[in-house]
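Encoded as structure tokens, the structure appears first; notes follow it.
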Amino acid sequence: MHPAMTNLLELHDINQQRRVLQQRQQARGSELSDAQAKCDALTEAATVAESAAHEADALIRQYTQDITDCDAKQETLRAQQSTAKTNKDYLDIINGIEEAKNLKKIRTEKLASLQASIDELNAQAAAAGAARDEAVTACEVIKSEQAENTDVDTSEEELERLYDEKRKTVEAEYLAAYERLVKGNHSMPLMPVDSVTRGTPYGNLISHNHIEQIRNGALIHDATTNAILYVKDPANQETADEA
């Protein structure tokens, strides 16, 4: 194989390793992002549930106090009945007693209804809080694991260094064509040609003339995919398969 292509294949191998690490990094970022989003959603749900339970507790205290106040008002007004000086004063006392009775009835009914649901509200709040705490813990575990996993970052830096060094050995024409294909997210920037069948993985047949040109160091692109072609000779079978 021509040295120009050998160097390019070696560069491609390093680049493939870089891409694998980048994908892992992206996966790690997605994992943490998803965990944080779940944590935020459960925290909001827990806040809403706990607020509803707290409001219910507050209403129970208010309704209970209202009932006590209504009873006290009725006792006070009944004590005033015997001392009413005019019919108007007497009617005002009677009306006040009825108003207190009605308010007590309304508050008693609401209190009964609220007490029937308070256990369910408290259970929902407890469940939401437990789910939130579990999500927070899971998120912290992921953060801790990723913070401790420095090997990936070190490997990525080392591969970047190796890529930059190897890049200097690749002929400019080859390098420009290759990096253009990589930047365009080409699925197979380097495409092997079988030395016996002269076929590519996509089924294209390469002419004898082009094969000889490739072996002599010419930069030849596949007519269909625009990939850079190299001859997959038995002598470099292992290297070609890895690329």
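Lettering and numbering for the structure tokens are positional, with chains as A, B, ... in the shown order, residues counted from 1 in each chain, and ligands counted from 1 in the shown order.
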
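By only C-alpha atoms, and with residues fewer than 3 positions from Leu21 of chain A along its chain excluded, the set lying at most 10 Å from it is Asn15, Gln16, Gln17, Arg18, Arg24, Gln25, Gln26, Ala27, Val152, Asp153, Ser155, Glu156 and Leu159 of chain A.
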
message: Can you tell me which residues surround His12 of chain A at a distance of at most 9 Å, considering only C-alpha atoms, apart from same-chain residues fewer than 3 positions away, and format the answer as a count of residues only?
response: 11

query: By how many Å are atom CA of Lys168 of chain A and atom CA of Thr224 of chain A apart?
result: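 Going from atom CA of Lys168 of chain A over to atom CA of Thr224 of chain A, I get 29.2 Å.
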
- prompt: Any idea what's packed within 12 Å of Asp222 of chain A, counting only C-alpha atoms, ignoring anything in its chain fewer than 3 positions away? Could you give it as a list in words?
  reply: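 Answer for this query is Met188, Pro189, Leu190, Met191, Pro192, Val193, Gly199, Thr200, Pro201, Tyr202, Gly203, Asn204, Leu205, Ile206, Ser207, His210, Ile211, Ile214, Leu219, Thr225, Asn226, Ala227, Ile228, Leu229 and Tyr230 of chain A.
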
Test item: residues at most 12 Å from Ala123 of chain A, only C-alpha atoms, excluding those fewer than 4 positions along its chain, as a VMD selection string: chain A and resid 46 49 to 50 52 to 53 117 to 119 127 to 130

- prompt: Quick one: residues within 12 Å of segment 76-82 of chain A, only C-alpha atoms counted, chain neighbours fewer than 3 positions away excluded, as a ChimeraX atom specification?
  reply: /A:69-73,85-101

- prompt: Rounded to one decimal in Å, what is the spacing between atom CA of Glu10 of chain A and atom CA of Lys166 of chain A?
  reply: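 Here the two named atoms are 7.7 Å from each other.
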
- request: Compare A:Ser30, A:Asn102, A:Ile14, A:Gln23 by their minimum atom-to-atom distance to Glu165 of chain A, counting only C-alpha atoms, and give me the closest one.
  value: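 That would be A:Ile14, the residue with the smallest distance to Glu165 of chain A.
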
- request: Just the strand (DSSP E or B) stuff from chain A, please, per backbone DSSP, written as a PyMOL selection string.
  value: chain A and resi 190-194+199+205+221+228-232

Put those residues in a file: all heavy atoms, as an mmCIF file, in the first residue's frame.
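Below is the file that was written, out.cif:
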data_model
loop_
_atom_site.group_PDB
_atom_site.id
_atom_site.type_symbol
_atom_site.label_atom_id
_atom_site.label_comp_id
_atom_site.auth_asym_id
_atom_site.auth_seq_id
_atom_site.Cartn_x
_atom_site.Cartn_y
_atom_site.Cartn_z
ATOM 1 N N LEU A 190 -13.420 6.421 4.042
ATOM 2 C CA LEU A 190 -12.436 5.578 3.358
ATOM 3 C C LEU A 190 -13.112 4.272 2.975
ATOM 4 O O LEU A 190 -13.624 3.556 3.834
ATOM 5 C CB LEU A 190 -11.237 5.291 4.266
ATOM 6 C CG LEU A 190 -10.453 6.502 4.759
ATOM 7 C CD1 LEU A 190 -9.227 6.049 5.541
ATOM 8 C CD2 LEU A 190 -10.036 7.395 3.608
ATOM 9 N N MET A 191 -13.122 3.976 1.663
ATOM 10 C CA MET A 191 -13.842 2.797 1.175
ATOM 11 C C MET A 191 -12.873 1.790 0.555
ATOM 12 O O MET A 191 -12.140 2.120 -0.379
ATOM 13 C CB MET A 191 -14.902 3.209 0.143
ATOM 14 C CG MET A 191 -15.729 2.043 -0.380
ATOM 15 S SD MET A 191 -17.050 2.600 -1.490
ATOM 16 C CE MET A 191 -18.124 3.428 -0.306
ATOM 17 N N PRO A 192 -12.863 0.555 1.063
ATOM 18 C CA PRO A 192 -11.952 -0.459 0.521
ATOM 19 C C PRO A 192 -12.427 -1.001 -0.825
ATOM 20 O O PRO A 192 -13.621 -1.099 -1.085
ATOM 21 C CB PRO A 192 -11.981 -1.548 1.594
ATOM 22 C CG PRO A 192 -13.340 -1.425 2.204
ATOM 23 C CD PRO A 192 -13.645 0.048 2.206
ATOM 24 N N VAL A 193 -11.446 -1.356 -1.641
ATOM 25 C CA VAL A 193 -11.727 -2.022 -2.917
ATOM 26 C C VAL A 193 -11.066 -3.399 -2.861
ATOM 27 O O VAL A 193 -9.857 -3.500 -2.591
ATOM 28 C CB VAL A 193 -11.151 -1.224 -4.109
ATOM 29 C CG1 VAL A 193 -11.453 -1.958 -5.425
ATOM 30 C CG2 VAL A 193 -11.713 0.187 -4.135
ATOM 31 N N ASP A 194 -11.836 -4.442 -3.073
ATOM 32 C CA ASP A 194 -11.281 -5.791 -3.048
ATOM 33 C C ASP A 194 -10.289 -5.965 -4.200
ATOM 34 O O ASP A 194 -10.618 -5.688 -5.359
ATOM 35 C CB ASP A 194 -12.406 -6.811 -3.147
ATOM 36 C CG ASP A 194 -11.915 -8.223 -2.870
ATOM 37 O OD1 ASP A 194 -11.297 -8.813 -3.783
ATOM 38 O OD2 ASP A 194 -12.157 -8.724 -1.756
ATOM 39 N N GLY A 199 -14.367 -4.947 -6.441
ATOM 40 C CA GLY A 199 -15.647 -4.405 -6.001
ATOM 41 C C GLY A 199 -15.537 -3.636 -4.689
ATOM 42 O O GLY A 199 -14.638 -3.865 -3.886
ATOM 43 N N LEU A 205 -17.909 -1.470 -9.291
ATOM 44 C CA LEU A 205 -16.741 -2.149 -9.858
ATOM 45 C C LEU A 205 -15.716 -1.094 -10.283
ATOM 46 O O LEU A 205 -16.013 -0.207 -11.089
ATOM 47 C CB LEU A 205 -17.142 -3.009 -11.061
ATOM 48 C CG LEU A 205 -16.058 -3.948 -11.609
ATOM 49 C CD1 LEU A 205 -15.684 -4.996 -10.555
ATOM 50 C CD2 LEU A 205 -16.548 -4.627 -12.889
ATOM 51 N N HIS A 221 -11.705 8.959 -5.876
ATOM 52 C CA HIS A 221 -12.971 8.928 -5.134
ATOM 53 C C HIS A 221 -13.938 7.952 -5.792
ATOM 54 O O HIS A 221 -13.941 7.783 -7.017
ATOM 55 C CB HIS A 221 -13.613 10.316 -5.098
ATOM 56 C CG HIS A 221 -12.876 11.300 -4.255
ATOM 57 N ND1 HIS A 221 -13.115 11.463 -2.919
ATOM 58 C CD2 HIS A 221 -11.883 12.179 -4.571
ATOM 59 C CE1 HIS A 221 -12.328 12.401 -2.439
ATOM 60 N NE2 HIS A 221 -11.560 12.862 -3.424
ATOM 61 N N ILE A 228 -13.142 8.106 -0.374
ATOM 62 C CA ILE A 228 -11.767 7.910 -0.842
ATOM 63 C C ILE A 228 -11.512 6.404 -0.942
ATOM 64 O O ILE A 228 -11.724 5.669 0.015
ATOM 65 C CB ILE A 228 -10.761 8.551 0.126
ATOM 66 C CG1 ILE A 228 -10.995 10.061 0.200
ATOM 67 C CG2 ILE A 228 -9.330 8.249 -0.300
ATOM 68 C CD1 ILE A 228 -10.187 10.750 1.282
ATOM 69 N N LEU A 229 -11.065 5.955 -2.093
ATOM 70 C CA LEU A 229 -10.862 4.528 -2.326
ATOM 71 C C LEU A 229 -9.442 4.099 -1.972
ATOM 72 O O LEU A 229 -8.487 4.851 -2.178
ATOM 73 C CB LEU A 229 -11.143 4.177 -3.787
ATOM 74 C CG LEU A 229 -12.579 4.421 -4.287
ATOM 75 C CD1 LEU A 229 -12.658 4.157 -5.783
ATOM 76 C CD2 LEU A 229 -13.573 3.557 -3.526
ATOM 77 N N TYR A 230 -9.313 2.893 -1.409
ATOM 78 C CA TYR A 230 -8.000 2.283 -1.210
ATOM 79 C C TYR A 230 -8.124 0.792 -1.512
ATOM 80 O O TYR A 230 -9.204 0.208 -1.367
ATOM 81 C CB TYR A 230 -7.479 2.518 0.206
ATOM 82 C CG TYR A 230 -8.265 1.825 1.299
ATOM 83 C CD1 TYR A 230 -7.882 0.576 1.780
ATOM 84 C CD2 TYR A 230 -9.386 2.437 1.872
ATOM 85 C CE1 TYR A 230 -8.583 -0.051 2.786
ATOM 86 C CE2 TYR A 230 -10.095 1.822 2.877
ATOM 87 C CZ TYR A 230 -9.698 0.574 3.341
ATOM 88 O OH TYR A 230 -10.409 -0.045 4.343
ATOM 89 N N VAL A 231 -7.038 0.203 -1.957
ATOM 90 C CA VAL A 231 -7.067 -1.200 -2.373
ATOM 91 C C VAL A 231 -6.824 -2.093 -1.164
ATOM 92 O O VAL A 231 -5.844 -1.930 -0.427
ATOM 93 C CB VAL A 231 -6.013 -1.486 -3.457
ATOM 94 C CG1 VAL A 231 -6.046 -2.962 -3.855
ATOM 95 C CG2 VAL A 231 -6.270 -0.610 -4.667
ATOM 96 N N LYS A 232 -7.719 -3.039 -1.004
ATOM 97 C CA LYS A 232 -7.671 -3.957 0.133
ATOM 98 C C LYS A 232 -6.872 -5.200 -0.279
ATOM 99 O O LYS A 232 -7.413 -6.256 -0.571
ATOM 100 C CB LYS A 232 -9.102 -4.315 0.522
ATOM 101 C CG LYS A 232 -9.264 -5.074 1.804
ATOM 102 C CD LYS A 232 -10.762 -5.247 2.066
ATOM 103 C CE LYS A 232 -11.041 -6.086 3.284
ATOM 104 N NZ LYS A 232 -12.496 -6.268 3.488
#

Helix (DSSP H, G or I) call set, DSSP backbone run, segment 97-222 of chain A, as number ranges by chain: A: 97-148, 151-167, 172-183, 208-215

- prompt: Can you tell me, as a list of chain:residue names, what residues are no more than 12 Å from Ile142 of chain A when counting only C-alpha atoms, ignoring any on the same chain fewer than 2 positions away?
  reply: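 Counting only C-alpha atoms, the residues come to A:Arg28, A:Gly29, A:Ser30, A:Glu31, A:Leu32, A:Ser33, A:Asp34, A:Ala35, A:Gln36, A:Ala135, A:Val136, A:Thr137, A:Ala138, A:Cys139, A:Glu140, A:Ser144, A:Glu145, A:Gln146, A:Ala147, A:Glu148, A:Asn149.
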
Writer output for current selection, C-alpha atoms, as a PDB file, in the first residue's frame:
ATOM      1  CA  ARG A  28     -22.957  10.612  29.595  1.00  0.00           C
ATOM      2  CA  GLY A  29     -24.245  14.143  29.095  1.00  0.00           C
ATOM      3  CA  SER A  30     -27.636  12.856  27.983  1.00  0.00           C
ATOM      4  CA  GLU A  31     -27.839  10.527  30.965  1.00  0.00           C
ATOM      5  CA  LEU A  32     -27.214  13.367  33.391  1.00  0.00           C
ATOM      6  CA  SER A  33     -29.530  15.719  31.497  1.00  0.00           C
ATOM      7  CA  ASP A  34     -32.354  13.163  31.535  1.00  0.00           C
ATOM      8  CA  ALA A  35     -31.798  12.441  35.230  1.00  0.00           C
ATOM      9  CA  GLN A  36     -31.826  16.156  36.057  1.00  0.00           C
ATOM     10  CA  ALA A 135     -34.559  11.079  41.871  1.00  0.00           C
ATOM     11  CA  VAL A 136     -32.275  13.555  43.660  1.00  0.00           C
ATOM     12  CA  THR A 137     -30.164  10.677  44.972  1.00  0.00           C
ATOM     13  CA  ALA A 138     -29.956   9.055  41.528  1.00  0.00           C
ATOM     14  CA  CYS A 139     -28.909  12.363  39.981  1.00  0.00           C
ATOM     15  CA  GLU A 140     -26.207  12.884  42.602  1.00  0.00           C
ATOM     16  CA  SER A 144     -20.406  11.637  41.358  1.00  0.00           C
ATOM     17  CA  GLU A 145     -19.649   8.764  38.988  1.00  0.00           C
ATOM     18  CA  GLN A 146     -18.989  11.104  36.091  1.00  0.00           C
ATOM     19  CA  ALA A 147     -16.790  13.344  38.217  1.00  0.00           C
ATOM     20  CA  GLU A 148     -14.699  10.338  39.257  1.00  0.00           C
ATOM     21  CA  ASN A 149     -14.434   8.963  35.706  1.00  0.00           C
TER      22      ASN A 149
END
